[in-house]
>>> print(open('final_15.csv').read())   # CSV, C-alpha atoms and all ligand atoms
chain,number,residue,atom,x,y,z
A,28,MET,CA,93.7,109.6,87.7
A,29,GLY,CA,91.7,106.5,87.4
A,30,HIS,CA,93.8,103.8,89.0
A,31,ARG,CA,91.9,100.7,90.1
A,32,LEU,CA,92.5,98.7,93.1
A,33,LEU,CA,91.0,95.3,93.1
A,34,TYR,CA,91.0,91.9,91.4
A,35,ARG,CA,87.4,91.8,92.6
A,36,HIS,CA,86.0,95.2,93.3
A,37,PRO,CA,84.1,95.3,96.6
A,38,ASP,CA,81.5,97.6,95.1
A,39,SER,CA,80.1,96.0,92.0
A,40,SER,CA,78.7,99.3,91.0
A,41,VAL,CA,82.2,100.7,90.3
A,42,GLY,CA,83.9,97.6,88.9
A,43,SER,CA,83.7,94.1,87.7
A,44,SER,CA,82.9,91.4,90.2
A,45,THR,CA,84.7,88.9,88.1
A,46,PRO,CA,88.2,88.0,89.4
A,47,ARG,CA,90.9,89.0,86.9
A,48,PRO,CA,94.6,88.3,87.1
A,49,CYS,CA,96.7,91.3,88.0
A,50,ALA,CA,100.4,91.5,88.8
A,51,PRO,CA,101.2,92.5,92.4
A,52,THR,CA,102.1,96.2,92.9
A,53,VAL,CA,105.7,96.5,94.1
A,54,ILE,CA,106.2,100.0,95.7
A,55,SER,CA,109.7,101.5,95.5
A,56,VAL,CA,110.6,103.8,98.4
A,57,ARG,CA,113.6,106.1,97.8
A,58,ASP,CA,114.8,103.5,95.2
A,59,CYS,CA,116.2,101.4,98.0
A,60,VAL,CA,113.2,99.5,99.5
A,61,ALA,CA,110.7,97.5,97.5
A,62,VAL,CA,107.4,96.8,99.3
A,63,GLY,CA,105.3,94.0,98.0
A,64,GLY,CA,108.0,92.0,96.3
A,65,THR,CA,109.4,88.7,97.5
A,66,ASP,CA,111.4,90.3,100.3
A,67,ILE,CA,109.7,91.2,103.6
A,68,VAL,CA,110.2,94.7,104.7
A,69,LEU,CA,110.8,95.7,108.4
A,70,ILE,CA,109.8,99.1,109.5
A,71,ALA,CA,110.6,100.0,113.0
A,72,GLY,CA,111.0,103.0,115.3
A,73,PRO,CA,109.3,104.9,118.1
A,74,CYS,CA,105.6,105.5,118.3
A,75,ALA,CA,106.4,109.2,118.6
A,76,VAL,CA,109.5,111.2,118.0
A,77,GLU,CA,110.2,112.5,121.5
A,78,GLY,CA,113.6,114.1,120.9
A,79,ARG,CA,116.7,114.2,118.7
A,80,ASP,CA,118.9,111.8,120.7
A,81,MET,CA,116.2,109.2,121.3
A,82,LEU,CA,115.3,109.2,117.6
A,83,LEU,CA,118.9,108.9,116.5
A,84,ASP,CA,119.7,106.1,119.0
A,85,THR,CA,116.6,104.2,118.0
A,86,ALA,CA,117.2,104.7,114.3
A,87,ARG,CA,120.8,103.4,114.6
A,88,ALA,CA,119.7,100.4,116.7
A,89,VAL,CA,116.9,99.3,114.4
A,90,ARG,CA,119.1,99.7,111.4
A,91,ARG,CA,121.7,97.5,113.1
A,92,ALA,CA,119.1,94.9,113.8
A,93,GLY,CA,117.9,94.8,110.2
A,94,ALA,CA,115.1,97.3,109.7
A,95,CYS,CA,115.0,98.9,106.3
A,96,MET,CA,112.7,101.9,107.2
A,97,LEU,CA,112.3,104.1,110.2
A,98,ARG,CA,108.9,105.0,111.7
A,99,GLY,CA,108.2,107.9,114.0
A,100,GLY,CA,105.2,110.1,114.6
A,101,ALA,CA,105.5,113.9,114.5
A,102,TYR,CA,101.7,114.4,114.7
A,103,LYS,CA,100.1,111.9,117.1
A,104,PRO,CA,96.4,111.1,117.1
A,105,ARG,CA,95.6,110.6,120.9
A,106,THR,CA,92.4,109.6,122.5
A,107,SER,CA,92.8,112.2,125.2
A,108,PRO,CA,93.6,115.8,124.1
A,109,TYR,CA,95.8,116.1,127.2
A,110,ASP,CA,98.2,113.3,126.2
A,111,PHE,CA,101.4,113.9,124.3
A,112,ARG,CA,100.5,114.9,120.8
A,113,GLY,CA,103.9,114.9,119.1
A,114,LEU,CA,106.6,117.5,118.5
A,115,GLY,CA,105.1,118.5,115.1
A,116,GLU,CA,107.5,120.4,112.8
A,117,ASP,CA,110.5,120.0,115.2
A,118,ALA,CA,110.0,116.2,114.9
A,119,LEU,CA,110.0,116.4,111.1
A,120,ALA,CA,113.4,118.1,111.2
A,121,MET,CA,114.7,115.3,113.5
A,122,LEU,CA,113.4,112.7,111.1
A,123,VAL,CA,115.3,114.3,108.3
A,124,GLU,CA,118.4,114.2,110.4
A,125,ALA,CA,117.8,110.5,111.3
A,126,ARG,CA,117.4,109.6,107.7
A,127,ALA,CA,120.7,111.4,106.8
A,128,ALA,CA,122.5,109.5,109.6
A,129,THR,CA,121.2,106.1,108.8
A,130,ASP,CA,119.9,106.0,105.2
A,131,LEU,CA,116.6,104.7,106.4
A,132,PRO,CA,113.6,106.0,104.6
A,133,ILE,CA,111.0,107.7,106.8
A,134,VAL,CA,107.5,106.5,107.5
A,135,THR,CA,105.5,109.2,109.4
A,136,GLU,CA,101.8,109.9,110.0
A,137,ILE,CA,99.9,112.7,108.3
A,138,MET,CA,96.7,113.7,110.1
A,139,ASP,CA,95.8,117.0,108.3
A,140,PRO,CA,95.2,117.4,104.6
A,141,ARG,CA,96.8,120.8,104.9
A,142,HIS,CA,100.1,119.2,105.9
A,143,VAL,CA,100.9,117.5,102.6
A,144,ASP,CA,103.4,120.3,101.5
A,145,ARG,CA,105.0,120.4,105.0
A,146,MET,CA,105.6,116.6,104.9
A,147,HIS,CA,107.1,116.8,101.4
A,148,GLY,CA,110.8,116.0,101.6
A,149,VAL,CA,110.4,114.4,105.0
A,150,ALA,CA,108.0,111.5,104.6
A,151,ASP,CA,109.2,108.8,102.2
A,152,VAL,CA,105.9,107.0,103.1
A,153,LEU,CA,102.9,108.9,104.4
A,154,GLN,CA,101.1,106.9,107.1
A,155,ILE,CA,97.3,107.3,107.5
A,156,GLY,CA,96.4,106.1,110.9
A,157,ALA,CA,93.5,103.9,111.9
A,158,ARG,CA,91.5,106.9,113.2
A,159,ASN,CA,91.7,108.6,109.8
A,160,MET,CA,91.1,105.6,107.5
A,161,GLN,CA,87.8,107.2,106.4
A,162,ASN,CA,89.0,110.8,106.5
A,163,TYR,CA,88.0,111.3,102.8
A,164,PRO,CA,89.6,114.8,102.3
A,165,LEU,CA,92.8,113.4,103.7
A,166,LEU,CA,92.6,110.3,101.4
A,167,ASP,CA,91.9,112.6,98.4
A,168,GLU,CA,94.9,114.9,99.3
A,169,VAL,CA,97.4,112.0,99.6
A,170,GLY,CA,96.0,110.7,96.4
A,171,ARG,CA,97.2,113.9,94.6
A,172,VAL,CA,100.9,113.3,95.4
A,173,THR,CA,103.3,110.5,94.4
A,174,THR,CA,104.6,109.7,97.9
A,175,PRO,CA,103.6,106.1,98.9
A,176,VAL,CA,100.8,105.8,101.4
A,177,LEU,CA,100.7,103.4,104.3
A,178,LEU,CA,97.0,103.0,105.0
A,179,LYS,CA,96.0,101.5,108.3
A,180,ARG,CA,92.8,99.6,108.9
A,181,GLY,CA,90.3,101.5,110.9
A,182,LEU,CA,89.5,100.5,114.5
A,183,SER,CA,86.3,98.9,113.5
A,184,ALA,CA,86.6,98.8,109.7
A,185,THR,CA,85.7,95.8,107.6
A,186,ILE,CA,88.1,94.6,105.0
A,187,ARG,CA,85.8,96.1,102.4
A,188,GLU,CA,85.8,99.5,104.0
A,189,LEU,CA,89.6,99.4,104.1
A,190,LEU,CA,89.7,98.5,100.4
A,191,LEU,CA,87.3,101.3,99.5
A,192,ALA,CA,89.4,103.8,101.5
A,193,ALA,CA,92.5,102.6,99.5
A,194,GLU,CA,90.4,103.1,96.4
A,195,TYR,CA,90.0,106.8,97.3
A,196,VAL,CA,93.8,107.2,97.1
A,197,LEU,CA,94.1,105.3,93.9
A,198,ALA,CA,91.1,107.0,92.3
A,199,ALA,CA,92.7,110.4,93.1
A,200,GLY,CA,95.8,109.4,91.2
A,201,ASN,CA,98.2,107.8,93.6
A,202,PRO,CA,98.6,104.0,92.9
A,203,THR,CA,101.2,103.4,95.7
A,204,VAL,CA,99.2,102.3,98.7
A,205,ILE,CA,100.5,99.8,101.3
A,206,LEU,CA,97.6,98.2,103.3
A,207,CYS,CA,98.2,97.7,107.0
A,208,GLU,CA,96.4,95.3,109.3
A,209,ARG,CA,96.8,96.7,112.9
A,210,GLY,CA,94.2,94.8,114.8
A,211,ILE,CA,90.5,95.5,115.2
A,212,ARG,CA,88.2,96.2,118.1
A,213,THR,CA,86.4,93.0,119.3
A,214,PHE,CA,84.9,91.8,122.6
A,215,GLU,CA,88.3,90.6,123.7
A,216,THR,CA,90.0,92.5,126.4
A,217,GLY,CA,93.1,90.4,126.8
A,218,THR,CA,94.8,92.4,124.1
A,219,ARG,CA,94.5,96.0,123.0
A,220,ASN,CA,93.0,94.9,119.7
A,221,THR,CA,92.5,91.6,118.0
A,222,LEU,CA,95.0,90.9,115.1
A,223,ASP,CA,92.9,89.8,112.2
A,224,ILE,CA,95.3,87.2,110.7
A,225,SER,CA,92.7,86.2,108.2
A,226,ALA,CA,92.8,89.7,106.7
A,227,ILE,CA,96.3,89.0,105.4
A,228,PRO,CA,95.4,86.2,102.9
A,229,VAL,CA,92.0,87.8,102.1
A,230,LEU,CA,93.7,91.1,101.2
A,231,LYS,CA,96.5,89.4,99.3
A,232,SER,CA,93.9,87.6,97.2
A,233,GLU,CA,91.5,90.5,96.8
A,234,THR,CA,94.0,93.2,95.8
A,235,HIS,CA,97.4,93.6,94.1
A,236,LEU,CA,98.6,96.0,96.9
A,237,PRO,CA,101.3,95.1,99.4
A,238,VAL,CA,99.9,94.1,102.9
A,239,ILE,CA,101.9,94.7,106.0
A,240,VAL,CA,101.1,94.1,109.7
A,241,ASP,CA,101.5,96.2,112.8
A,242,PRO,CA,101.8,93.7,115.7
A,243,SER,CA,102.4,96.5,118.2
A,244,HIS,CA,99.0,98.2,118.0
A,245,ALA,CA,97.4,94.9,117.4
A,246,SER,CA,98.5,93.5,120.8
A,247,GLY,CA,99.2,96.5,123.0
A,248,ARG,CA,101.8,94.4,124.9
A,249,ALA,CA,105.4,94.0,124.2
A,250,ALA,CA,105.5,90.3,125.1
A,251,LEU,CA,102.9,89.6,122.3
A,252,VAL,CA,104.6,91.6,119.5
A,253,THR,CA,107.1,88.9,118.4
A,254,PRO,CA,104.6,86.0,118.3
A,255,LEU,CA,102.1,88.1,116.3
A,256,ALA,CA,104.9,89.3,114.0
A,257,LEU,CA,105.9,85.7,113.3
A,258,ALA,CA,102.3,84.7,112.6
A,259,ALA,CA,101.9,87.6,110.2
A,260,ILE,CA,104.9,86.5,108.2
A,261,ALA,CA,103.7,82.9,108.1
A,262,ALA,CA,100.3,84.1,106.9
A,263,GLY,CA,101.9,86.0,104.0
A,264,ALA,CA,102.5,89.6,105.1
A,265,ASP,CA,104.8,91.6,103.0
A,266,GLY,CA,106.2,93.5,106.0
A,267,LEU,CA,106.0,94.6,109.6
A,268,LEU,CA,105.6,97.9,111.3
A,269,VAL,CA,107.0,97.6,114.8
A,270,GLU,CA,107.3,100.1,117.7
A,271,VAL,CA,110.7,100.3,119.3
A,272,HIS,CA,111.8,102.6,122.0
A,273,PRO,CA,115.2,102.9,123.7
A,274,CYS,CA,113.5,102.8,127.1
A,275,PRO,CA,109.9,101.8,126.8
A,276,ARG,CA,109.1,102.5,130.4
A,277,ASP,CA,109.7,106.2,129.8
A,278,ALA,CA,107.9,106.4,126.4
A,279,LYS,CA,105.5,109.3,126.0
A,280,SER,CA,103.1,107.1,124.0
A,281,ASP,CA,102.6,103.4,123.6
A,282,GLY,CA,105.4,102.3,126.0
A,283,ASP,CA,103.6,99.1,127.0
A,284,GLN,CA,103.7,97.8,123.4
A,285,SER,CA,107.2,99.1,122.5
A,286,LEU,CA,110.1,96.7,122.1
A,287,THR,CA,113.6,97.5,123.4
A,288,PRO,CA,116.2,97.5,120.7
A,289,VAL,CA,117.4,94.1,122.0
A,290,ALA,CA,114.0,92.6,121.9
A,291,PHE,CA,113.6,94.0,118.3
A,292,ALA,CA,116.9,92.3,117.3
A,293,ASP,CA,115.5,89.1,118.6
A,294,LEU,CA,112.3,89.5,116.7
A,295,VAL,CA,114.3,90.0,113.5
A,296,ARG,CA,116.3,86.8,114.1
A,297,ARG,CA,113.1,84.8,114.5
A,298,ALA,CA,111.3,86.5,111.7
A,299,ASP,CA,114.2,85.6,109.4
A,300,ALA,CA,113.7,81.9,110.2
A,301,VAL,CA,110.0,82.1,109.5
A,302,ALA,CA,110.5,84.0,106.3
A,303,THR,CA,112.9,81.3,105.1
A,304,ALA,CA,110.4,78.6,106.1
A,305,VAL,CA,107.8,80.3,103.8
A,306,GLY,CA,110.2,80.8,100.9
A,307,ARG,CA,110.9,84.4,101.5
A,308,ARG,CA,113.6,86.5,103.1
A,309,LEU,CA,113.9,89.7,105.0
A,310,MET,CA,114.9,92.7,102.8
A,311,PRO,CA,118.4,93.8,103.6
A,312,ASN,CA,118.7,97.4,104.6
A,313,ALA,CA,121.0,100.0,103.0
A,314,ALA,CA,123.8,99.4,105.4
A,315,GLU,CA,123.8,95.7,104.7
A,316,TRP,CA,123.6,96.3,101.0
A,317,ARG,CA,126.7,98.5,101.2
A,318,ARG,CA,128.5,95.8,103.2
A,319,THR,CA,127.6,93.3,100.5
A,320,LEU,CA,128.9,95.6,97.8
A,321,ILE,CA,132.1,96.3,99.6
A,322,ALA,CA,132.6,92.6,100.0
A,323,GLY,CA,132.4,92.4,96.2
A,324,VAL,CA,129.3,90.2,96.2
A,325,ALA,CA,127.0,90.9,93.2
A,326,CYS,CA,124.2,93.4,94.0
A,327,PRO,CA,120.8,91.6,94.2
A,328,ALA,CA,118.4,92.7,91.5
B,1,LIG,C1,100.8,104.6,115.3
B,1,LIG,O1,101.2,103.9,114.3
B,1,LIG,O2,101.5,105.1,116.2
B,1,LIG,C2,99.3,104.7,115.4
B,1,LIG,C3,98.7,105.7,116.0
B,1,LIG,O3,98.7,103.6,114.9
B,1,LIG,P1,97.1,103.4,114.7
B,1,LIG,O4,96.7,104.5,113.8
B,1,LIG,O5,97.1,102.0,114.0
B,1,LIG,O6,96.4,103.4,116.0
B,2,MN,MN,101.7,104.1,118.6
>>> encode(input="final_15.csv", output="structure tokens")
Amino acid sequence: MGHRLLYRHPDSSVGSSTPRPCAPTVISVRDCVAVGGTDIVLIAGPCAVEGRDMLLDTARAVRRAGACMLRGGAYKPRTSPYDFRGLGEDALAMLVEARAATDLPIVTEIMDPRHVDRMHGVADVLQIGARNMQNYPLLDEVGRVTTPVLLKRGLSATIRELLLAAEYVLAAGNPTVILCERGIRTFETGTRNTLDISAIPVLKSETHLPVIVDPSHASGRAALVTPLALAAIAAGADGLLVEVHPCPRDAKSDGDQSLTPVAFADLVRRADAVATAVGRRLMPNAAEWRRTLIAGVACPA
């Protein structure tokens, strides 16, 4: 209990308004991925788990391209109740299998506070989606476990509201929160949402938590995902969350913004160059680590 989030607390009634130095929080996932350190973490996979084969194919492809975690929704928040809402528990079993096959830790969305036990052993990171950023019973519940939480910014949430939502999780006892900028609703109709690039340096200076960016939901269009991803890295993001589908045309959700595995591999190549330009590097995934070890090269700290 009692973790505190901010250098400068957004609500002066609960904390000091004086900036104070604080070391960045580096969140370890399954002891093989560190989020918030110098390395940039790539999380990729389908919007929704649609079946065993597509998940395994995607997991293998994103691992080959350089992702170090696999995303995939089992429970999908959909605007229309008649849209595909995820395969639920069947999808959780598929995620476990995909992790065993690839060594990639799993990021998956939790929508219901009653699902915490059911997600245990499956989710290495519990995603809280934009629509649930202010679902306080859910924030309290994930605050009671030790699994890291990926908290997405609400559709129309201010940075302060995002930070106070994160504070719920910390105050309930879980200090491992990854903040995610995924675009906000503006007057602009050219993109699904507007990526708030400024949120990255603001959040990095206001908190000690890792900040990642989801260029897929921010743009809504596959052609825009890579440019936004590169901009996010240049602006200081600690990672990316990218939707990848083996055949985006056939996707049951978010096909328009999903990259093919080939396009994702291209994103990774270009992200690597931008990371180097800003003095960082992409975190190697488990497969790469193993290759490095087999080659007899010293294991990075
Ligand atoms: C998702 O990641 O698939 C998702 C539903 O994202 P958001 O909550 O940001 O809309
Ligand atoms: Mn999606």
>>> residues_near_ligand(input="final_15.csv", ligand="ligand MN 2 (chain B)", cutoff="7 Å", atoms="all atoms listed in the file", output="PyMOL selection string")
chain A and resi 74-75+244+270+280-281
>>> atom_distance(input="final_15.csv", atom1="CA of Pro164 in chain A", atom2="CA of Arg126 in chain A")
28.8 Å
>>> residues_near_ligand(input="final_15.csv", ligand="ligand LIG 1 (chain B)", cutoff="10 Å", atoms="all atoms listed in the file", output="PyMOL selection string")
chain A and resi 72-75+98-106+134-136+138+154-160+178-182+207-211+220+240-245+268-270+280-281
>>> atom_distance(input="final_15.csv", atom1="CA of Arg318 in chain A", atom2="CA of Arg297 in chain A")
22.0 Å
>>> atom_distance(input="final_15.csv", atom1="CA of Ile186 in chain A", atom2="CA of Gln161 in chain A")
12.7 Å
>>> residues_around(input="final_15.csv", residues="Glu116 in chain A", least_positions_apart="2", cutoff="9 Å", atoms="only C-alpha atoms", output="PDB file with C-alpha atoms, in the frame of the given file")
ATOM      1  CA  ALA A 101     105.500 113.900 114.500  1.00  0.00           C
ATOM      2  CA  TYR A 102     101.700 114.400 114.700  1.00  0.00           C
ATOM      3  CA  LEU A 114     106.600 117.500 118.500  1.00  0.00           C
ATOM      4  CA  ALA A 118     110.000 116.200 114.900  1.00  0.00           C
ATOM      5  CA  LEU A 119     110.000 116.400 111.100  1.00  0.00           C
ATOM      6  CA  ALA A 120     113.400 118.100 111.200  1.00  0.00           C
ATOM      7  CA  MET A 121     114.700 115.300 113.500  1.00  0.00           C
ATOM      8  CA  ARG A 145     105.000 120.400 105.000  1.00  0.00           C
ATOM      9  CA  MET A 146     105.600 116.600 104.900  1.00  0.00           C
TER      10      MET A 146
END
>>> closest_residue(input="final_15.csv", among="A:Pro132, A:Gly200, A:Pro228, A:Gly282", to="Val169 in chain A", atoms="only C-alpha atoms")
A:Gly200
>>> residues_around(input="final_15.csv", residues="range 53-70 of chain A", least_positions_apart="2", cutoff="6 Å", atoms="only C-alpha atoms", output="list in words")
Ala94, Cys95, Met96, Leu97, Pro237, Asp265, Gly266, Leu267, Leu268, Arg308, Leu309 and Met310 of chain A
>>> build_atoms(input="final_15.csv", residues="range 105-122 of chain A", atoms="N, CA and C atoms", output="CSV table (one decimal), in the frame of the given file")
chain,number,residue,atom,x,y,z
A,105,ARG,N,95.8,111.2,119.5
A,105,ARG,CA,95.6,110.6,120.9
A,105,ARG,C,94.2,110.7,121.3
A,106,THR,N,93.8,109.6,122.0
A,106,THR,CA,92.4,109.6,122.5
A,106,THR,C,92.1,110.7,123.4
A,107,SER,N,93.0,111.1,124.3
A,107,SER,CA,92.8,112.2,125.2
A,107,SER,C,93.6,113.4,124.6
A,108,PRO,N,92.9,114.6,124.6
A,108,PRO,CA,93.6,115.8,124.1
A,108,PRO,C,94.8,116.2,125.0
A,109,TYR,N,94.8,115.7,126.2
A,109,TYR,CA,95.8,116.1,127.2
A,109,TYR,C,97.0,115.2,127.1
A,110,ASP,N,97.0,114.2,126.3
A,110,ASP,CA,98.2,113.3,126.2
A,110,ASP,C,99.2,114.0,125.2
A,111,PHE,N,100.4,113.4,125.2
A,111,PHE,CA,101.4,113.9,124.3
A,111,PHE,C,101.0,113.8,122.8
A,112,ARG,N,101.0,114.9,122.1
A,112,ARG,CA,100.5,114.9,120.8
A,112,ARG,C,101.5,115.0,119.7
A,113,GLY,N,102.8,114.9,120.1
A,113,GLY,CA,103.9,114.9,119.1
A,113,GLY,C,104.6,116.3,119.0
A,114,LEU,N,105.8,116.3,118.5
A,114,LEU,CA,106.6,117.5,118.5
A,114,LEU,C,106.4,118.3,117.2
A,115,GLY,N,105.5,117.8,116.3
A,115,GLY,CA,105.1,118.5,115.1
A,115,GLY,C,106.4,118.8,114.2
A,116,GLU,N,106.5,120.1,113.8
A,116,GLU,CA,107.5,120.4,112.8
A,116,GLU,C,108.9,120.1,113.3
A,117,ASP,N,109.2,120.3,114.6
A,117,ASP,CA,110.5,120.0,115.2
A,117,ASP,C,110.8,118.5,114.9
A,118,ALA,N,109.8,117.7,115.1
A,118,ALA,CA,110.0,116.2,114.9
A,118,ALA,C,110.3,115.9,113.4
A,119,LEU,N,109.7,116.7,112.5
A,119,LEU,CA,110.0,116.4,111.1
A,119,LEU,C,111.5,116.7,110.8
A,120,ALA,N,112.0,117.8,111.4
A,120,ALA,CA,113.4,118.1,111.2
A,120,ALA,C,114.3,117.0,111.8
A,121,MET,N,113.9,116.4,112.9
A,121,MET,CA,114.7,115.3,113.5
A,121,MET,C,114.6,114.1,112.6
A,122,LEU,N,113.5,113.8,112.0
A,122,LEU,CA,113.4,112.7,111.1
A,122,LEU,C,114.3,112.8,109.9
